[in-house]
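So the structure is just underneath, and the comments pick up after that.
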Amino acid sequence: MQKILVVDDEVSLGKLYEKELTEEGFQVLLAENGEKALRIAQDNKIDLMVLDIKMEGKDGLEVLNEFRQKNADTPVILNSAYSTYKDDFSSWLADAYIVKSSNLDELKSKIHELVKF
Amino acid sequence: MESVKNELNSDLDIIWKIGYYNSRNPFFVYSEGQLFHYNDEFAEFSKRILGFEDITRGFQWVFGEIQAQSHDNLKDGIVLRSNAGNDERVFQVHRFTIDNGTGTEINICQISGEPPGLAGYNRNRFYNITSVISQLGRKLSNSYRLDETFKIILIGATAGDALGFNRAFLMLSGEGDAFKGEIAIGPSDGAEAAAIWSEIDGQQKSLDELIDNYNNATSSYDVKVNELVRRIKLHKRNMPIPLRQILNSHKPGVLFKSENPADNYLFDILGVESLAVAPLTVEGNITGLLLADNFITGRKITSADLEILAIFANHAGVALERSRLYEKLGEKIDQLAKANNTIRVSQQKLVESEKLNAIGKMASQVAHEIRNPLSVVGGFARNIRRKINNEHQFSDSLDIIIKEVDRIENVLENFTSITRAAPESKSVIDFSELTMDVFQLLNDGFQNNQSTFRFAEFQENIKVFGSEKQLRNVLLVAGRQFSRHGGAGSDIDIKLVIDRDEVELSFTYSGDHEGNIDAKKIFENIFNTSPLKRETDLAIANEIINQHFGKLGVQRGKNQPLSIVINLPYCKE
């Protein structure tokens with residue numbers, strides 16, 4: 001079963017993603033900040049990361065940068081309430097950028113596309 | 001005596017009045033070869049007419065001759081012969097008793113030889129000329145418009161009371177070493193001359209009135225001479241030697257038709273045998289040429305004409321330069337006014353943009369705070385709805401919740417789109433450095449795939465006024481989009497230049513390879529500003545460039561490779 005790490009400081013949102021992605025057949029790991037996300041990623045072999053950007057402490061772009069240095073091939077989807085981060089070159093290190101929405105079809109579709117079976 | 005004087009003072013005679021002496025007010029006393037006093041007029045006469053630089057010698061010669069020919073004969077006139085220069089000049093000397101017999105006036109009249117020049121005119125005519133020159137000088141010194149100055153110069157050269165040339169032509173130094181015909185005045189044939197002169201004579205106008213009314217009166221006659229003057233272009237390197245000598249001397253001179261046809265360029269155009277040429281100079285530089293001729297009357301151009309022309313040309317040269325400078329100043333003032341207006345409009349836009357920016361930032365924060373809980377509510381509603389069928393008692397309620405959440409999300413998307421192109425703080429930035437930095441970064445990033453950027457034409461130190469962060473992102477977005485459409489292996493030439501006060505940056509596919517270019521898609525990406533679309537990178541870039549008063553577009557000429565072109569205002573300071 002593919003492991004998906006969901007990084008978001010909104011606990012309720014994390015729970016929604018966990019529920020939806022579990023129903024899609026993925027194993028979901030949750031982290032509510034950047035430091036915890038990097039630790040989980042180090043301790044587990046994850047298949048994909050769904051990463052919020054605006055968080056307390058390390059923001060999503062910093063996490064992405066650090067994560068990429070050791071995990072060049074693991075797909076990362078940036079998932080933010082702000083569409084403006086798409087203009088930031090740092091965000092281009094991610095494989096996809098999806099603006100948060102109550103409709104998770106686009107996110108799920110992209111996850112299926114990027115995760116290698 | 002009066003009848004003799006009147007005869008001698010007629011315009012046809014050239015009289016030198018060397019002065020008079022009497023017991024109360026001696027102008028000069030000459031006794032036994034001793035000179036006590038002499039006036040300025042005699043000094044000038046001695047130097048210029050007789051050729052004696054030493055005034056005493058001039059006196060000695062004159063009175064030696066008078067004494068030799070008998071003092072008593074002066075009443076009837078005696079003849080003096082002078083060999084000043086290479087010309088023999090013959091003068092007749094008369095003596096008149098004045099002041100009730102207590103004084104004597106001696107007049108000297110030149111009766112043959114080269115005319116003595118301005119100094120030889122009789123006093124009335126001399127005063128008339130100086131008065132006209134003075135009027136012209138005053139008019140010129142009050143003229144600041146170039147066309148007005150042209151007019152005064154030409155009327156001055158042709159006004160009957162002073163120089164009285166039939167036609168005058170003004171040429172100005174232009175690009176390189178050439179003088180180009182600018183404007184002219186005068187009749188094109190005898191009939192036209194008669195019409196103009198009778199019109200002027202009939203109106204009895206003063207010089208001031210003549211100049212002021214020129215546009216309404218005689219200018220309609222000058223069409224042909226103006227056509228002539230515009231054909232004239234004199235290159236210094238091809239000038240005939242006499243003309244070059246005049247230019248080198250910086251003094252007026254007379255040019256005569258040459259036996260060598262190659263030297264007759266001016267004469268062929270103007271149709272005369274001789275013409276006066278006066279260089280118009282300012283601080284040693286020749287800024288123009290005044291040509292004048294007597295095309296209708298054929299009157300010989302005298303050395304006196306040249307002397308008056310020299311005085312007039314001095315006034316004209318200075319006036320011409322002042323008018324030119326004044327005109328340039330006017331242009332600068334206009335440019336400055338336009339620049340000030342642009343700044344004012346820019347400031348207004350900036351203020352509006354800053355307001356928009358502040359609103360946008362607030363909107364963005366509010367939207368973010370709302371979007372997260374909304375996603376949770378809507379997400380769970382969708383999750384539950386998927387698990388119940390349409391007959392379930394909550395299905396309608398959930399559908400309404402989902403629909404309203406969608407609606408709010410759309411409102412938020414529209415709301416936050418305001419912030420996308422919001423300007424950040426702007427400053428003067430080195431756009432050349434920024435471009436180099438970004439495209440080297442893109443080359444490093446695309447080492448293993450997609451395109452390679454090459455600097456085909458690159459101008460350094462190009463400055464623009466704007467947000468470095470925003471422009472960096474624009475270049476990254478545009479470069480990456482272009483590279484993506486080009487596909488792996490394509491080469492892209494970058495050109496960064498200043499073209500007519502605009503910075504132009506373009507990316508163009510080079511060579512035959514254009515990869516998987518989909519121009520339509522690039523266009524769509526640039527001009528699609530719908531906030532609901534996801535692929536809006538280039539649309540945002542377009543907005544940012546607009547905020548910087550620039551343009552972003554895609555170009556493709558027939559059989560030409562595809563280019564993205566970004567234009568921005570060039571910041572000179």
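By convention here, the chains of the structure tokens are called A, B, ... in the order presented, each chain's residues are numbered starting at 1, and ligands are numbered starting at 1 in the order presented.
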Interface list for chain B, partner chain A, 6 Å threshold, only C-alpha atoms, as a PyMOL selection string: chain B and resi 368+375-376+378-379+420
Could you write out that same residue set with all heavy atoms as a CSV table (one decimal), in the first residue's frame?
chain,number,residue,atom,x,y,z
B,368,HIS,N,-7.7,33.1,2.9
B,368,HIS,CA,-6.9,32.0,3.4
B,368,HIS,C,-7.6,31.4,4.7
B,368,HIS,O,-7.8,30.2,4.9
B,368,HIS,CB,-5.5,32.3,3.7
B,368,HIS,CG,-4.7,31.2,4.2
B,368,HIS,ND1,-4.2,31.1,5.5
B,368,HIS,CD2,-4.2,30.1,3.5
B,368,HIS,CE1,-3.5,30.0,5.6
B,368,HIS,NE2,-3.5,29.3,4.4
B,375,SER,N,-13.0,24.3,3.1
B,375,SER,CA,-12.6,23.1,2.5
B,375,SER,C,-12.9,21.9,3.4
B,375,SER,O,-13.4,20.8,2.9
B,375,SER,CB,-11.1,23.1,2.2
B,375,SER,OG,-10.7,24.1,1.4
B,376,VAL,N,-12.8,22.1,4.7
B,376,VAL,CA,-13.1,21.0,5.6
B,376,VAL,C,-14.6,20.7,5.6
B,376,VAL,O,-15.0,19.5,5.4
B,376,VAL,CB,-12.6,21.4,7.1
B,376,VAL,CG1,-13.1,20.3,8.0
B,376,VAL,CG2,-11.1,21.6,7.1
B,378,GLY,N,-16.9,21.6,3.3
B,378,GLY,CA,-17.3,21.1,2.0
B,378,GLY,C,-16.8,19.7,1.7
B,378,GLY,O,-17.5,18.9,1.1
B,379,GLY,N,-15.6,19.5,2.1
B,379,GLY,CA,-14.9,18.2,1.9
B,379,GLY,C,-15.7,17.0,2.6
B,379,GLY,O,-16.0,16.0,2.0
B,420,ARG,N,-3.1,38.9,-7.2
B,420,ARG,CA,-2.1,38.2,-8.0
B,420,ARG,C,-1.1,39.2,-8.7
B,420,ARG,O,0.1,38.9,-8.8
B,420,ARG,CB,-2.8,37.4,-9.1
B,420,ARG,CG,-3.4,36.2,-8.5
B,420,ARG,CD,-4.0,35.3,-9.5
B,420,ARG,NE,-4.6,34.1,-8.9
B,420,ARG,CZ,-5.2,33.2,-9.6
B,420,ARG,NH1,-5.4,33.4,-10.9
B,420,ARG,NH2,-5.7,32.2,-9.0
Please provide the set of residues having any atom within 12 Å of Arg230 of chain B, restricted to only C-alpha atoms, with same-chain residues fewer than 3 positions apart removed, written as a tab-separated table (two decimals) with all heavy atoms, in the first residue's frame.
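Result went into selection.tsv, see below:
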chain	number	residue	atom	x	y	z
B	169	PHE	N	19.08	84.31	-50.02
B	169	PHE	CA	18.89	82.87	-49.76
B	169	PHE	C	19.61	82.52	-48.46
B	169	PHE	O	20.76	82.90	-48.28
B	169	PHE	CB	19.48	82.02	-50.89
B	169	PHE	CG	18.97	82.41	-52.25
B	169	PHE	CD1	19.57	83.45	-52.96
B	169	PHE	CD2	17.88	81.76	-52.81
B	169	PHE	CE1	19.11	83.82	-54.21
B	169	PHE	CE2	17.41	82.12	-54.06
B	169	PHE	CZ	18.01	83.15	-54.77
B	170	LEU	N	18.92	81.78	-47.61
B	170	LEU	CA	19.52	81.40	-46.34
B	170	LEU	C	19.81	79.91	-46.35
B	170	LEU	O	18.93	79.10	-46.66
B	170	LEU	CB	18.58	81.75	-45.19
B	170	LEU	CG	19.13	81.58	-43.79
B	170	LEU	CD1	20.33	82.47	-43.55
B	170	LEU	CD2	18.05	81.89	-42.76
B	171	MET	N	21.05	79.57	-45.99
B	171	MET	CA	21.42	78.16	-45.91
B	171	MET	C	21.92	77.88	-44.51
B	171	MET	O	22.60	78.71	-43.91
B	171	MET	CB	22.52	77.85	-46.92
B	171	MET	CG	22.13	78.27	-48.31
B	171	MET	SD	23.29	77.72	-49.52
B	171	MET	CE	23.17	75.97	-49.33
B	172	LEU	N	21.59	76.71	-44.00
B	172	LEU	CA	21.99	76.37	-42.64
B	172	LEU	C	22.89	75.16	-42.66
B	172	LEU	O	22.74	74.26	-43.49
B	172	LEU	CB	20.76	76.07	-41.77
B	172	LEU	CG	19.76	77.21	-41.62
B	172	LEU	CD1	18.59	76.76	-40.78
B	172	LEU	CD2	20.42	78.43	-40.99
B	179	PHE	N	25.92	72.45	-46.08
B	179	PHE	CA	24.99	73.56	-45.86
B	179	PHE	C	23.78	73.29	-46.75
B	179	PHE	O	23.93	73.01	-47.94
B	179	PHE	CB	25.61	74.89	-46.27
B	179	PHE	CG	26.69	75.35	-45.33
B	179	PHE	CD1	28.03	75.14	-45.62
B	179	PHE	CD2	26.37	75.98	-44.13
B	179	PHE	CE1	29.02	75.55	-44.76
B	179	PHE	CE2	27.35	76.40	-43.26
B	179	PHE	CZ	28.68	76.18	-43.57
B	180	LYS	N	22.61	73.41	-46.14
B	180	LYS	CA	21.41	73.05	-46.88
B	180	LYS	C	20.52	74.28	-47.00
B	180	LYS	O	20.34	75.01	-46.03
B	180	LYS	CB	20.67	71.96	-46.12
B	180	LYS	CG	19.74	71.14	-46.95
B	180	LYS	CD	19.28	69.91	-46.16
B	180	LYS	CE	18.18	69.18	-46.91
B	180	LYS	NZ	16.99	69.97	-47.09
B	181	GLY	N	19.99	74.51	-48.23
B	181	GLY	CA	19.12	75.65	-48.44
B	181	GLY	C	17.86	75.56	-47.59
B	181	GLY	O	17.22	74.51	-47.54
B	182	GLU	N	17.52	76.66	-46.91
B	182	GLU	CA	16.41	76.61	-45.96
B	182	GLU	C	15.23	77.47	-46.45
B	182	GLU	O	14.11	77.01	-46.53
B	182	GLU	CB	16.89	77.11	-44.60
B	182	GLU	CG	15.85	77.10	-43.50
B	182	GLU	CD	15.52	75.69	-43.03
B	182	GLU	OE1	16.42	74.84	-43.06
B	182	GLU	OE2	14.37	75.44	-42.66
B	183	ILE	N	15.52	78.73	-46.75
B	183	ILE	CA	14.43	79.66	-47.09
B	183	ILE	C	14.99	80.80	-47.94
B	183	ILE	O	16.19	81.10	-47.86
B	183	ILE	CB	13.76	80.17	-45.79
B	183	ILE	CG1	12.50	80.97	-46.09
B	183	ILE	CG2	14.72	80.98	-44.94
B	183	ILE	CD1	11.66	81.25	-44.84
B	184	ALA	N	14.13	81.42	-48.74
B	184	ALA	CA	14.61	82.49	-49.64
B	184	ALA	C	13.54	83.56	-49.79
B	184	ALA	O	12.37	83.36	-49.43
B	184	ALA	CB	14.96	81.91	-51.00
B	223	VAL	N	7.49	81.78	-53.79
B	223	VAL	CA	7.38	80.33	-53.95
B	223	VAL	C	8.53	79.78	-54.79
B	223	VAL	O	9.19	78.81	-54.42
B	223	VAL	CB	6.02	79.97	-54.60
B	223	VAL	CG1	5.94	78.47	-54.85
B	223	VAL	CG2	4.89	80.44	-53.70
B	224	LYS	N	8.80	80.45	-55.92
B	224	LYS	CA	9.81	79.92	-56.84
B	224	LYS	C	11.22	79.98	-56.24
B	224	LYS	O	12.00	79.05	-56.38
B	224	LYS	CB	9.77	80.68	-58.17
B	224	LYS	CG	8.57	80.26	-59.01
B	224	LYS	CD	8.58	80.88	-60.38
B	224	LYS	CE	7.34	80.47	-61.14
B	224	LYS	NZ	7.17	81.24	-62.38
B	225	VAL	N	11.54	81.10	-55.58
B	225	VAL	CA	12.89	81.18	-55.00
B	225	VAL	C	13.06	80.17	-53.87
B	225	VAL	O	14.15	79.64	-53.65
B	225	VAL	CB	13.24	82.59	-54.47
B	225	VAL	CG1	13.59	83.52	-55.58
B	225	VAL	CG2	12.16	83.15	-53.58
B	226	ASN	N	11.97	79.88	-53.19
B	226	ASN	CA	12.07	78.87	-52.14
B	226	ASN	C	12.24	77.47	-52.73
B	226	ASN	O	12.90	76.62	-52.12
B	226	ASN	CB	10.85	78.93	-51.22
B	226	ASN	CG	11.04	79.99	-50.15
B	226	ASN	OD1	11.91	79.84	-49.30
B	226	ASN	ND2	10.29	81.07	-50.23
B	227	GLU	N	11.64	77.26	-53.89
B	227	GLU	CA	11.89	75.98	-54.57
B	227	GLU	C	13.36	75.88	-54.97
B	227	GLU	O	13.99	74.84	-54.84
B	227	GLU	CB	11.01	75.88	-55.82
B	227	GLU	CG	9.57	75.54	-55.51
B	227	GLU	CD	8.67	75.64	-56.74
B	227	GLU	OE1	9.19	75.87	-57.86
B	227	GLU	OE2	7.47	75.51	-56.56
B	233	LYS	N	22.44	72.25	-51.93
B	233	LYS	CA	23.13	71.57	-50.84
B	233	LYS	C	24.62	71.67	-51.13
B	233	LYS	O	25.10	71.17	-52.16
B	233	LYS	CB	22.69	70.11	-50.75
B	233	LYS	CG	23.12	69.44	-49.45
B	233	LYS	CD	22.43	68.10	-49.27
B	233	LYS	CE	22.75	67.53	-47.91
B	233	LYS	NZ	22.14	66.22	-47.70
B	234	LEU	N	25.33	72.35	-50.25
B	234	LEU	CA	26.76	72.58	-50.47
B	234	LEU	C	27.60	71.75	-49.51
B	234	LEU	O	27.49	71.93	-48.29
B	234	LEU	CB	27.09	74.06	-50.24
B	234	LEU	CG	26.65	75.06	-51.30
B	234	LEU	CD1	26.83	76.47	-50.77
B	234	LEU	CD2	27.45	74.87	-52.57
B	269	ILE	N	22.02	77.06	-60.57
B	269	ILE	CA	20.71	77.00	-59.90
B	269	ILE	C	20.09	78.40	-59.84
B	269	ILE	O	18.92	78.58	-60.13
B	269	ILE	CB	20.84	76.41	-58.48
B	269	ILE	CG1	21.23	74.93	-58.58
B	269	ILE	CG2	19.54	76.57	-57.70
B	269	ILE	CD1	21.45	74.25	-57.24
B	270	LEU	N	20.91	79.39	-59.48
B	270	LEU	CA	20.36	80.72	-59.22
B	270	LEU	C	20.25	81.57	-60.49
B	270	LEU	O	19.53	82.58	-60.51
B	270	LEU	CB	21.21	81.45	-58.17
B	270	LEU	CG	21.31	80.73	-56.82
B	270	LEU	CD1	22.19	81.52	-55.85
B	270	LEU	CD2	19.93	80.53	-56.20
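In this model, the gap between atom CA of Leu255 of chain B and atom CA of Leu210 of chain B comes to 29.0 Å.
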Find the residues near Val497 of chain B: any atom within 10 Å, counting only C-alpha atoms, skip ones fewer than 2 places away on the same chain, and give them as a CSV table (one decimal) with all heavy atoms, in the first residue's frame.
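The resulting around_25.csv:
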chain,number,residue,atom,x,y,z
B,432,SER,N,19.6,43.9,-17.0
B,432,SER,CA,20.5,43.0,-17.7
B,432,SER,C,21.0,41.9,-16.7
B,432,SER,O,21.1,40.8,-17.1
B,432,SER,CB,21.7,43.8,-18.2
B,432,SER,OG,21.3,44.9,-19.0
B,457,GLU,N,22.0,38.4,-28.4
B,457,GLU,CA,22.4,39.8,-28.4
B,457,GLU,C,22.0,40.3,-27.0
B,457,GLU,O,20.9,40.2,-26.5
B,457,GLU,CB,21.5,40.6,-29.4
B,457,GLU,CG,22.0,41.9,-29.8
B,457,GLU,CD,21.2,42.6,-30.9
B,457,GLU,OE1,20.5,41.9,-31.6
B,457,GLU,OE2,21.3,43.8,-31.0
B,458,PHE,N,23.1,40.9,-26.4
B,458,PHE,CA,22.8,41.2,-25.0
B,458,PHE,C,23.5,42.6,-24.6
B,458,PHE,O,24.7,42.7,-24.8
B,458,PHE,CB,23.4,40.1,-24.1
B,458,PHE,CG,23.1,40.3,-22.6
B,458,PHE,CD1,21.9,39.9,-22.2
B,458,PHE,CD2,24.0,40.8,-21.8
B,458,PHE,CE1,21.6,40.0,-20.8
B,458,PHE,CE2,23.7,40.9,-20.4
B,458,PHE,CZ,22.5,40.5,-19.9
B,459,GLN,N,22.7,43.5,-24.2
B,459,GLN,CA,23.2,44.8,-23.8
B,459,GLN,C,23.3,44.9,-22.3
B,459,GLN,O,22.3,44.6,-21.7
B,459,GLN,CB,22.3,45.9,-24.4
B,459,GLN,CG,22.9,47.2,-24.6
B,459,GLN,CD,22.0,48.2,-25.4
B,459,GLN,OE1,21.3,47.8,-26.3
B,459,GLN,NE2,22.1,49.4,-25.0
B,460,GLU,N,24.4,45.3,-21.8
B,460,GLU,CA,24.6,45.4,-20.4
B,460,GLU,C,24.1,46.7,-19.8
B,460,GLU,O,23.9,47.7,-20.5
B,460,GLU,CB,26.0,45.2,-20.0
B,460,GLU,CG,26.5,43.7,-20.3
B,460,GLU,CD,27.8,43.4,-19.7
B,460,GLU,OE1,28.6,44.3,-19.5
B,460,GLU,OE2,28.1,42.2,-19.5
B,462,ILE,N,21.3,47.7,-18.5
B,462,ILE,CA,20.0,48.3,-18.9
B,462,ILE,C,19.2,48.3,-17.6
B,462,ILE,O,19.0,47.4,-16.9
B,462,ILE,CB,19.2,47.4,-19.9
B,462,ILE,CG1,20.0,47.4,-21.2
B,462,ILE,CG2,17.8,47.8,-20.0
B,462,ILE,CD1,19.4,46.6,-22.3
B,494,ILE,N,18.2,34.5,-26.8
B,494,ILE,CA,17.7,35.6,-26.0
B,494,ILE,C,18.3,36.9,-26.5
B,494,ILE,O,19.5,37.0,-26.8
B,494,ILE,CB,18.1,35.5,-24.5
B,494,ILE,CG1,17.4,34.2,-23.9
B,494,ILE,CG2,17.7,36.7,-23.7
B,494,ILE,CD1,17.9,33.8,-22.6
B,495,LYS,N,17.5,37.9,-26.7
B,495,LYS,CA,18.0,39.2,-27.2
B,495,LYS,C,17.5,40.3,-26.2
B,495,LYS,O,16.3,40.3,-25.9
B,495,LYS,CB,17.4,39.4,-28.5
B,495,LYS,CG,17.8,40.7,-29.2
B,495,LYS,CD,17.3,40.7,-30.6
B,495,LYS,CE,17.1,42.2,-31.1
B,495,LYS,NZ,16.3,42.3,-32.3
B,499,ASP,N,15.5,49.7,-27.6
B,499,ASP,CA,15.0,50.2,-28.9
B,499,ASP,C,14.0,51.3,-28.6
B,499,ASP,O,12.9,51.1,-28.1
B,499,ASP,CB,14.3,49.0,-29.5
B,499,ASP,CG,13.8,49.3,-31.0
B,499,ASP,OD1,14.3,50.3,-31.5
B,499,ASP,OD2,13.0,48.6,-31.5
B,500,ARG,N,14.4,52.5,-29.1
B,500,ARG,CA,13.6,53.7,-29.0
B,500,ARG,C,13.0,53.9,-27.5
B,500,ARG,O,11.8,53.9,-27.3
B,500,ARG,CB,12.4,53.7,-30.0
B,500,ARG,CG,12.9,54.0,-31.4
B,500,ARG,CD,11.8,53.8,-32.4
B,500,ARG,NE,11.6,52.3,-32.5
B,500,ARG,CZ,10.7,51.8,-33.3
B,500,ARG,NH1,10.0,52.5,-34.0
B,500,ARG,NH2,10.6,50.5,-33.4
B,501,ASP,N,13.9,54.0,-26.6
B,501,ASP,CA,13.6,54.3,-25.2
B,501,ASP,C,12.8,53.1,-24.5
B,501,ASP,O,12.2,53.3,-23.5
B,501,ASP,CB,12.9,55.6,-25.1
B,501,ASP,CG,13.8,56.8,-25.1
B,501,ASP,OD1,15.0,56.5,-25.0
B,501,ASP,OD2,13.3,57.9,-25.1
B,502,GLU,N,12.8,52.0,-25.2
B,502,GLU,CA,12.1,50.8,-24.6
B,502,GLU,C,13.1,49.7,-24.5
B,502,GLU,O,13.9,49.5,-25.4
B,502,GLU,CB,10.9,50.4,-25.5
B,502,GLU,CG,9.6,51.0,-25.1
B,502,GLU,CD,8.5,50.3,-25.7
B,502,GLU,OE1,8.6,49.4,-26.6
B,502,GLU,OE2,7.4,50.6,-25.2
B,503,VAL,N,13.0,49.0,-23.4
B,503,VAL,CA,13.8,47.8,-23.2
B,503,VAL,C,13.0,46.7,-23.9
B,503,VAL,O,11.8,46.5,-23.7
B,503,VAL,CB,13.9,47.5,-21.7
B,503,VAL,CG1,14.7,46.2,-21.6
B,503,VAL,CG2,14.6,48.6,-21.0
B,504,GLU,N,13.7,45.9,-24.8
B,504,GLU,CA,13.1,44.8,-25.4
B,504,GLU,C,13.8,43.5,-25.1
B,504,GLU,O,15.0,43.4,-25.4
B,504,GLU,CB,13.0,45.1,-26.9
B,504,GLU,CG,12.2,44.0,-27.7
B,504,GLU,CD,12.1,44.3,-29.1
B,504,GLU,OE1,11.5,45.3,-29.5
B,504,GLU,OE2,12.5,43.5,-30.0
B,505,LEU,N,13.1,42.6,-24.6
B,505,LEU,CA,13.7,41.3,-24.3
B,505,LEU,C,12.8,40.3,-25.1
B,505,LEU,O,11.6,40.2,-25.0
B,505,LEU,CB,13.6,41.0,-22.8
B,505,LEU,CG,13.9,39.6,-22.4
B,505,LEU,CD1,15.4,39.3,-22.6
B,505,LEU,CD2,13.6,39.3,-20.9
B,506,SER,N,13.5,39.5,-25.9
B,506,SER,CA,12.8,38.5,-26.6
B,506,SER,C,13.4,37.1,-26.5
B,506,SER,O,14.7,37.0,-26.4
B,506,SER,CB,12.7,38.9,-28.1
B,506,SER,OG,14.0,39.0,-28.6
B,567,ASN,N,8.4,44.1,-23.5
B,567,ASN,CA,8.8,45.5,-23.6
B,567,ASN,C,8.6,46.2,-22.3
B,567,ASN,O,7.5,46.1,-21.7
B,567,ASN,CB,8.0,46.2,-24.7
B,567,ASN,CG,8.4,45.7,-26.1
B,567,ASN,OD1,7.6,45.0,-26.6
B,567,ASN,ND2,9.6,46.1,-26.6
Test item, helix (DSSP H, G or I) assignment across segment 190-404 of chain B, answer as a PyMOL selection string: chain B and resi 190-203+207-212+214-216+218-230+236-238+241-249+261-263+265-270+303-387+395-404
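Separating atom CA of Asp9 of chain A from atom CA of Met55 of chain A is a distance of 6.2 Å.
Ranking B:Glu53, B:Asp493, B:Glu468, B:Asp208 by their shortest atom-to-atom distance to Leu434 of chain B, with only C-alpha atoms included, puts B:Glu468 first.
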Residue nearest Gln42 of chain A - candidates A:Thr22, A:Ile77, A:Leu5, A:Glu56, atoms counted: only C-alpha atoms: A:Leu5
Which of chain A fall in strand (DSSP E), as a ChimeraX atom specification: /A:3-7,27-31,48-51,76-80,96-99
Minimum-distance residue to Asp52 of chain A, chosen among A:Asn33, A:Ser109, A:Asn71, A:Gln27 (using only C-alpha atoms): A:Asn33
Spatial neighbours of Glu24 of chain A, 12 Å, only C-alpha atoms, chain gap at least 4 places, as a PyMOL selection string: (chain A and resi 1-4+17-20+28+104-105+107-109+111-112) or (chain B and resi 383)
Please, could you write that set of residues out with C-alpha atoms as a compact mmCIF listing (two decimals), in the first residue's frame?
# COMPACT_ATOMS: atom_id res chain seq x y z
CA MET A 1 0.00 0.00 0.00
CA GLN A 2 1.44 3.41 -0.99
CA LYS A 3 2.22 5.80 1.81
CA ILE A 4 1.10 9.38 1.47
CA TYR A 17 -7.55 14.19 3.63
CA GLU A 18 -6.80 11.11 5.74
CA LYS A 19 -10.37 9.90 5.36
CA GLU A 20 -10.58 10.59 1.63
CA VAL A 28 -1.95 8.20 5.13
CA LEU A 104 -10.72 16.88 -3.78
CA ASP A 105 -11.20 15.28 -7.21
CA LEU A 107 -6.00 16.40 -5.88
CA LYS A 108 -6.87 12.72 -5.90
CA SER A 109 -6.53 12.54 -9.65
CA ILE A 111 -2.01 11.72 -6.68
CA HIS A 112 -3.02 8.72 -8.74
CA ASN B 383 -17.48 12.56 1.57
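In this comparison, which uses only C-alpha atoms, the residue of B:Ser173, B:Ser563, B:Thr149, B:Gln347 approaching Thr287 of chain B most closely is B:Ser173.
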